[in-house]
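To start, the structure under review is shown below, and the notes come after it.
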Amino acid sequence: MQTAVALYLVLLSGIVCVIMMRDHIRGRTELLSVRNFALLGFIVFQLTSAAIPLFKPFVSRFPLTDVEGVALSYAARCTLFLICLFLFYRWGLLVRKTARSIPTTTAIPSEAFMLIVAVILMMMALTLRALVKVPLVGVLADYVGVAFASIACGIAGWTWAKRFLNPVAAAYAIMIFLGSSASVIFGSFGRRSLLAVGCGMLWGMYYSRWRYSNPTRMITQMIVAAAIPTIALALYTSARSSREHDRGVLQHVQAIAREGNVLDGFALLLDGQGTGATSMWLVENYPDIYPYRWFHTPNYFLVFPLPPA
């Protein structure tokens, strides 16, 4: 039963991916959208993250007393959540009216201007992340620096997508990506900043060109373009160490060259930091053993208003 539930969760992940592609082909939802990013997060942090420990004797920081029963209940809850999401998402209560009220611009800057802005933003990101170390201000500079690096990659992706097979355009985009990646991993341990940079480039490429292409061509180009940031993220994941939070760029590169493994990195990415196994523990223990802590998230947000660096 345990293996069967794990296979079902993997199958459910595949079904969600098929639905995302189907909705894109039918013109219902953009392939790169907030909804689909949330669904990808659900796949990684709830579906594959739970499936991986179920494929082998269950080992977790939060052990279960009834692995098969809890896994079955967990899979049913995930299925019910996805059914409700897809049924009610298209209603868009108040959302559509709000979206139509937001002004948009028709002005499109020249490519030369965007190329210059991307370089400036990349340099500003490097400066903010590496040089601004003033207490409190430095924390805010970190977040602004990551935002600038992601925007720079988005602009680079926007220009690259229009000339995807042009080696000069590709080299420029890769240069911006590498510089932006260097700025966000400096003195960092988490992967979210590097993920933001990679997604920024794909987002720019998609809304510049890919959304107007036929699905086969779009998927082919997306796989090629996503290969670099995805492999970089996998290598970084496999080589990062919680004991070394203050690594510099050169130290990260040395660690990747020494310890990096693409397959191990992908496995760690799909594991979702064990959130699936932890969620199953919560299903088993709340509210029978521990009482619910109502409104804990709003309370946590007020007590700890600044997210972890």
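Simple scheme: letters A, B, ... for chains in structure tokens order, numbers from 1 for residues in each chain, numbers from 1 for ligands in the order shown.
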
Long-range neighbours of A:Thr48 as number ranges by chain, 10 Å cut-off, only C-alpha atoms, 2 positions minimum in chain: A: 6-7, 9-13, 42-46, 50-54, 267, 269-272, 274-276

Would you save the residues from that selection as a short mmCIF file (atom, residue, chain, number, x, y, z; two decimals), in the first residue's frame, using N, CA, C and O atoms?
data_model
loop_
_atom_site.label_atom_id
_atom_site.label_comp_id
_atom_site.auth_asym_id
_atom_site.auth_seq_id
_atom_site.Cartn_x
_atom_site.Cartn_y
_atom_site.Cartn_z
N ALA A 6 2.68 6.09 -3.05
CA ALA A 6 3.77 6.87 -3.62
C ALA A 6 3.62 6.98 -5.14
O ALA A 6 3.80 8.06 -5.72
N LEU A 7 3.28 5.87 -5.79
CA LEU A 7 3.08 5.89 -7.24
C LEU A 7 1.90 6.78 -7.61
O LEU A 7 1.93 7.50 -8.62
N LEU A 9 0.88 9.45 -5.97
CA LEU A 9 1.29 10.85 -5.83
C LEU A 9 2.13 11.30 -7.02
O LEU A 9 2.00 12.43 -7.49
N VAL A 10 2.98 10.41 -7.53
CA VAL A 10 3.76 10.73 -8.73
C VAL A 10 2.83 10.88 -9.93
O VAL A 10 2.97 11.81 -10.74
N LEU A 11 1.84 9.97 -10.05
CA LEU A 11 0.87 10.06 -11.13
C LEU A 11 0.07 11.35 -11.03
O LEU A 11 -0.18 12.03 -12.05
N LEU A 12 -0.30 11.73 -9.82
CA LEU A 12 -1.05 12.97 -9.61
C LEU A 12 -0.22 14.18 -10.03
O LEU A 12 -0.75 15.14 -10.61
N SER A 13 1.08 14.13 -9.78
CA SER A 13 1.96 15.21 -10.23
C SER A 13 1.94 15.33 -11.75
O SER A 13 1.87 16.43 -12.31
N PHE A 42 3.29 23.14 -5.21
CA PHE A 42 2.51 22.08 -4.58
C PHE A 42 3.05 20.70 -4.96
O PHE A 42 3.13 19.80 -4.13
N ILE A 43 3.44 20.56 -6.24
CA ILE A 43 4.00 19.28 -6.68
C ILE A 43 5.27 18.95 -5.91
O ILE A 43 5.44 17.84 -5.38
N VAL A 44 6.17 19.94 -5.81
CA VAL A 44 7.47 19.69 -5.18
C VAL A 44 7.34 19.53 -3.67
O VAL A 44 7.90 18.59 -3.08
N PHE A 45 6.58 20.41 -3.02
CA PHE A 45 6.56 20.43 -1.57
C PHE A 45 5.49 19.55 -0.94
O PHE A 45 5.54 19.34 0.28
N GLN A 46 4.55 19.04 -1.74
CA GLN A 46 3.53 18.18 -1.15
C GLN A 46 3.43 16.81 -1.82
O GLN A 46 3.20 15.82 -1.14
N ALA A 50 6.36 13.93 -0.59
CA ALA A 50 5.77 12.84 0.19
C ALA A 50 6.03 11.49 -0.47
O ALA A 50 6.15 10.47 0.21
N ALA A 51 6.10 11.46 -1.80
CA ALA A 51 6.28 10.20 -2.51
C ALA A 51 7.66 9.60 -2.27
O ALA A 51 7.80 8.38 -2.09
N ILE A 52 8.69 10.44 -2.25
CA ILE A 52 10.06 9.95 -2.13
C ILE A 52 10.28 9.11 -0.87
O ILE A 52 10.79 7.99 -0.94
N PRO A 53 9.90 9.59 0.33
CA PRO A 53 10.11 8.73 1.51
C PRO A 53 9.19 7.51 1.55
O PRO A 53 9.49 6.54 2.26
N LEU A 54 8.09 7.53 0.80
CA LEU A 54 7.18 6.38 0.78
C LEU A 54 7.68 5.25 -0.10
O LEU A 54 7.21 4.12 0.02
N ALA A 267 17.31 15.20 -7.07
CA ALA A 267 16.62 14.44 -6.02
C ALA A 267 16.32 15.32 -4.81
O ALA A 267 15.24 15.25 -4.23
N LEU A 269 15.96 18.57 -4.89
CA LEU A 269 14.95 19.55 -5.27
C LEU A 269 13.55 18.96 -5.18
O LEU A 269 12.62 19.59 -4.68
N LEU A 270 13.38 17.72 -5.67
CA LEU A 270 12.07 17.08 -5.63
C LEU A 270 11.68 16.68 -4.22
O LEU A 270 10.49 16.48 -3.94
N ASP A 271 12.66 16.54 -3.33
CA ASP A 271 12.36 16.17 -1.94
C ASP A 271 11.64 17.29 -1.20
O ASP A 271 10.94 17.04 -0.22
N GLY A 272 11.78 18.53 -1.67
CA GLY A 272 11.06 19.63 -1.03
C GLY A 272 11.39 19.82 0.44
O GLY A 272 10.54 20.21 1.24
N GLY A 274 11.70 17.78 2.73
CA GLY A 274 10.96 16.91 3.63
C GLY A 274 9.61 17.43 4.08
O GLY A 274 9.05 16.93 5.06
N THR A 275 9.06 18.41 3.37
CA THR A 275 7.79 18.99 3.80
C THR A 275 6.64 18.00 3.68
O THR A 275 5.69 18.05 4.46
N GLY A 276 6.69 17.10 2.69
CA GLY A 276 5.62 16.13 2.54
C GLY A 276 5.54 15.18 3.73
O GLY A 276 4.45 14.90 4.26
#

Write down as number ranges by chain the residues of stretch 151-194 of chain A whose backbone DSSP state falls under helix (DSSP H, G or I). A: 151-162, 167-185, 192-194

Any chance you can output those residues with N, CA, C and O atoms as a CSV table (one decimal), in the first residue's frame?
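New file again35.csv:
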chain,number,residue,atom,x,y,z
A,151,ILE,N,15.1,41.0,-12.3
A,151,ILE,CA,14.6,41.9,-13.3
A,151,ILE,C,15.6,41.9,-14.5
A,151,ILE,O,15.3,41.9,-15.7
A,152,ALA,N,16.9,42.0,-14.2
A,152,ALA,CA,18.0,42.0,-15.2
A,152,ALA,C,17.9,40.7,-16.1
A,152,ALA,O,18.0,40.8,-17.3
A,153,CYS,N,17.6,39.6,-15.4
A,153,CYS,CA,17.5,38.3,-16.2
A,153,CYS,C,16.2,38.3,-17.0
A,153,CYS,O,16.2,37.8,-18.1
A,154,GLY,N,15.2,38.9,-16.4
A,154,GLY,CA,13.9,39.0,-17.2
A,154,GLY,C,14.1,39.8,-18.5
A,154,GLY,O,13.6,39.5,-19.5
A,155,ILE,N,14.8,40.9,-18.4
A,155,ILE,CA,15.1,41.8,-19.5
A,155,ILE,C,16.0,41.1,-20.5
A,155,ILE,O,15.7,41.1,-21.7
A,156,ALA,N,17.0,40.4,-20.0
A,156,ALA,CA,17.9,39.6,-20.9
A,156,ALA,C,17.1,38.5,-21.6
A,156,ALA,O,17.3,38.3,-22.8
A,157,GLY,N,16.2,37.8,-20.9
A,157,GLY,CA,15.4,36.8,-21.5
A,157,GLY,C,14.4,37.4,-22.6
A,157,GLY,O,14.2,36.8,-23.6
A,158,TRP,N,13.9,38.6,-22.3
A,158,TRP,CA,13.0,39.2,-23.2
A,158,TRP,C,13.7,39.5,-24.6
A,158,TRP,O,13.1,39.3,-25.7
A,159,THR,N,14.9,39.9,-24.5
A,159,THR,CA,15.7,40.2,-25.8
A,159,THR,C,16.2,39.0,-26.4
A,159,THR,O,16.2,38.9,-27.7
A,160,TRP,N,16.6,38.0,-25.7
A,160,TRP,CA,17.1,36.7,-26.2
A,160,TRP,C,16.0,35.9,-27.0
A,160,TRP,O,16.3,35.4,-28.0
A,161,ALA,N,14.8,35.9,-26.4
A,161,ALA,CA,13.8,35.1,-27.0
A,161,ALA,C,13.5,35.5,-28.5
A,161,ALA,O,13.1,34.7,-29.3
A,162,LYS,N,13.6,36.8,-28.8
A,162,LYS,CA,13.4,37.2,-30.1
A,162,LYS,C,14.4,36.8,-31.1
A,162,LYS,O,14.2,36.8,-32.4
A,167,PRO,N,23.8,33.5,-31.6
A,167,PRO,CA,24.9,33.3,-30.6
A,167,PRO,C,25.2,34.5,-29.8
A,167,PRO,O,25.5,34.4,-28.6
A,168,VAL,N,25.2,35.7,-30.4
A,168,VAL,CA,25.5,36.9,-29.6
A,168,VAL,C,24.4,37.2,-28.6
A,168,VAL,O,24.7,37.5,-27.4
A,169,ALA,N,23.1,37.1,-29.0
A,169,ALA,CA,22.0,37.3,-28.0
A,169,ALA,C,22.1,36.2,-26.9
A,169,ALA,O,21.9,36.5,-25.8
A,170,ALA,N,22.4,35.0,-27.3
A,170,ALA,CA,22.5,33.9,-26.3
A,170,ALA,C,23.7,34.2,-25.3
A,170,ALA,O,23.5,34.0,-24.1
A,171,ALA,N,24.8,34.6,-25.8
A,171,ALA,CA,26.0,34.9,-25.0
A,171,ALA,C,25.7,36.1,-24.0
A,171,ALA,O,26.1,36.0,-22.9
A,172,TYR,N,25.0,37.1,-24.5
A,172,TYR,CA,24.6,38.2,-23.7
A,172,TYR,C,23.7,37.8,-22.6
A,172,TYR,O,23.9,38.1,-21.4
A,173,ALA,N,22.7,37.0,-22.9
A,173,ALA,CA,21.7,36.5,-21.9
A,173,ALA,C,22.4,35.7,-20.8
A,173,ALA,O,22.2,35.8,-19.6
A,174,ILE,N,23.3,34.8,-21.3
A,174,ILE,CA,24.0,33.9,-20.3
A,174,ILE,C,25.0,34.7,-19.4
A,174,ILE,O,25.1,34.4,-18.2
A,175,MET,N,25.6,35.8,-20.0
A,175,MET,CA,26.4,36.6,-19.2
A,175,MET,C,25.6,37.3,-18.1
A,175,MET,O,26.1,37.4,-16.9
A,176,ILE,N,24.5,37.8,-18.4
A,176,ILE,CA,23.6,38.5,-17.4
A,176,ILE,C,23.2,37.5,-16.4
A,176,ILE,O,23.2,37.7,-15.2
A,177,PHE,N,22.8,36.2,-16.8
A,177,PHE,CA,22.4,35.2,-15.9
A,177,PHE,C,23.5,34.8,-14.9
A,177,PHE,O,23.3,34.7,-13.7
A,178,LEU,N,24.8,34.7,-15.4
A,178,LEU,CA,25.9,34.3,-14.6
A,178,LEU,C,26.2,35.4,-13.6
A,178,LEU,O,26.5,35.2,-12.4
A,179,GLY,N,26.2,36.7,-14.1
A,179,GLY,CA,26.5,37.8,-13.2
A,179,GLY,C,25.4,37.9,-12.1
A,179,GLY,O,25.7,38.2,-11.0
A,180,SER,N,24.2,37.8,-12.5
A,180,SER,CA,23.1,37.9,-11.5
A,180,SER,C,23.1,36.7,-10.5
A,180,SER,O,22.9,36.9,-9.4
A,181,SER,N,23.5,35.5,-11.0
A,181,SER,CA,23.6,34.4,-10.1
A,181,SER,C,24.7,34.6,-9.1
A,181,SER,O,24.5,34.3,-7.9
A,182,ALA,N,25.8,35.1,-9.6
A,182,ALA,CA,26.9,35.4,-8.7
A,182,ALA,C,26.5,36.4,-7.6
A,182,ALA,O,26.9,36.3,-6.4
A,183,SER,N,25.7,37.4,-8.0
A,183,SER,CA,25.3,38.4,-7.0
A,183,SER,C,24.4,37.8,-5.9
A,183,SER,O,24.4,38.2,-4.7
A,184,VAL,N,23.5,36.9,-6.3
A,184,VAL,CA,22.5,36.4,-5.3
A,184,VAL,C,23.0,35.2,-4.5
A,184,VAL,O,22.5,35.0,-3.4
A,185,ILE,N,24.1,34.5,-4.9
A,185,ILE,CA,24.6,33.4,-4.1
A,185,ILE,C,25.7,33.9,-3.2
A,185,ILE,O,26.2,33.1,-2.3
A,192,ARG,N,16.3,30.1,-3.0
A,192,ARG,CA,15.2,30.9,-3.5
A,192,ARG,C,15.7,32.0,-4.4
A,192,ARG,O,15.1,32.3,-5.4
A,193,SER,N,16.8,32.7,-4.0
A,193,SER,CA,17.3,33.8,-4.9
A,193,SER,C,17.7,33.3,-6.2
A,193,SER,O,17.5,33.9,-7.2
A,194,LEU,N,18.5,32.1,-6.2
A,194,LEU,CA,18.9,31.6,-7.5
A,194,LEU,C,17.7,31.1,-8.3
A,194,LEU,O,17.7,31.3,-9.6

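Considering the residues A:Phe113, A:Phe266, A:Tyr89, A:Phe186 and counting only C-alpha atoms, A:Ala232 has its shortest atom-to-atom contact with A:Phe266.
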
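Residue neighbourhood of A:Glu30, excluding near-sequence residues (fewer than 3 positions): A:Ile19, A:Met20, A:Met21, A:Arg22, A:Asp23, A:His24, A:Ile25, A:Arg26, A:Gly27, A:Ser33, A:Val34, A:Arg35, A:Asn36, A:Phe37, A:Trp203, A:Tyr206, A:Tyr207, A:Trp210, A:Arg211, A:Tyr212, A:Pro215, at 12 Å, using only C-alpha atoms.
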
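Here atom CA of A:Thr237 is placed at a distance of 14.4 Å from atom CA of A:Ala196.
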
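For the atom pair formed by atom CA of A:Leu39 and atom CA of A:Cys17, the distance is 8.6 Å, given to one decimal.
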
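Non-sequential neighbours of A:Leu282 (distance at most 12 Å, separation of 4 or more positions within a chain, only C-alpha atoms) are Phe62, Pro63, Leu64, Val70, Ala71, Ser73, Tyr74, Thr275, Gly276, Ala277, Thr278, Tyr286, Pro287, Asp288, Ile289, Tyr290, Pro291 and Tyr292 of chain A.
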
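When atom CA of A:Ser279 is paired with atom CA of A:Val16, their separation reads 19.7 Å.
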
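Distances from A:Asn166, A:Ala118, A:Ile108, A:Glu68 to A:Met201 were compared using only C-alpha atoms, and the smallest one belongs to A:Ala118.
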
Give me the residues within 8 Å of A:Pro229 as a PDB file with N, CA, C and O atoms, in the first residue's frame, counting only C-alpha atoms and dropping any in the same chain fewer than 4 places off.
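Result file follows (around.pdb):
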ATOM      1  N   LEU A 195      16.705  30.593  -7.708  1.00  0.00           N
ATOM      2  CA  LEU A 195      15.489  30.199  -8.427  1.00  0.00           C
ATOM      3  C   LEU A 195      14.791  31.421  -9.013  1.00  0.00           C
ATOM      4  O   LEU A 195      14.289  31.382 -10.147  1.00  0.00           O
ATOM      5  N   GLY A 198      16.618  32.491 -12.225  1.00  0.00           N
ATOM      6  CA  GLY A 198      16.321  31.614 -13.354  1.00  0.00           C
ATOM      7  C   GLY A 198      14.902  31.782 -13.865  1.00  0.00           C
ATOM      8  O   GLY A 198      14.660  31.848 -15.079  1.00  0.00           O
ATOM      9  N   ALA A 225      16.445  26.611 -23.001  1.00  0.00           N
ATOM     10  CA  ALA A 225      16.763  27.799 -22.199  1.00  0.00           C
ATOM     11  C   ALA A 225      16.792  27.482 -20.709  1.00  0.00           C
ATOM     12  O   ALA A 225      17.595  28.045 -19.957  1.00  0.00           O
ATOM     13  N   LEU A 233      21.017  25.265 -10.631  1.00  0.00           N
ATOM     14  CA  LEU A 233      20.303  25.128  -9.362  1.00  0.00           C
ATOM     15  C   LEU A 233      20.535  23.755  -8.754  1.00  0.00           C
ATOM     16  O   LEU A 233      20.721  23.622  -7.533  1.00  0.00           O
TER      17      LEU A 233
END

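Each of A:Thr105, A:Ser238, A:Ser208, A:Thr127 was checked against A:Leu32 using only C-alpha atoms; the smallest atom-to-atom distance is that of A:Ser208.
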
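Nearest residue to A:Met123, choosing from A:Gly145, A:Ala226, A:Ala75, A:Val67 and counting only C-alpha atoms: A:Gly145.
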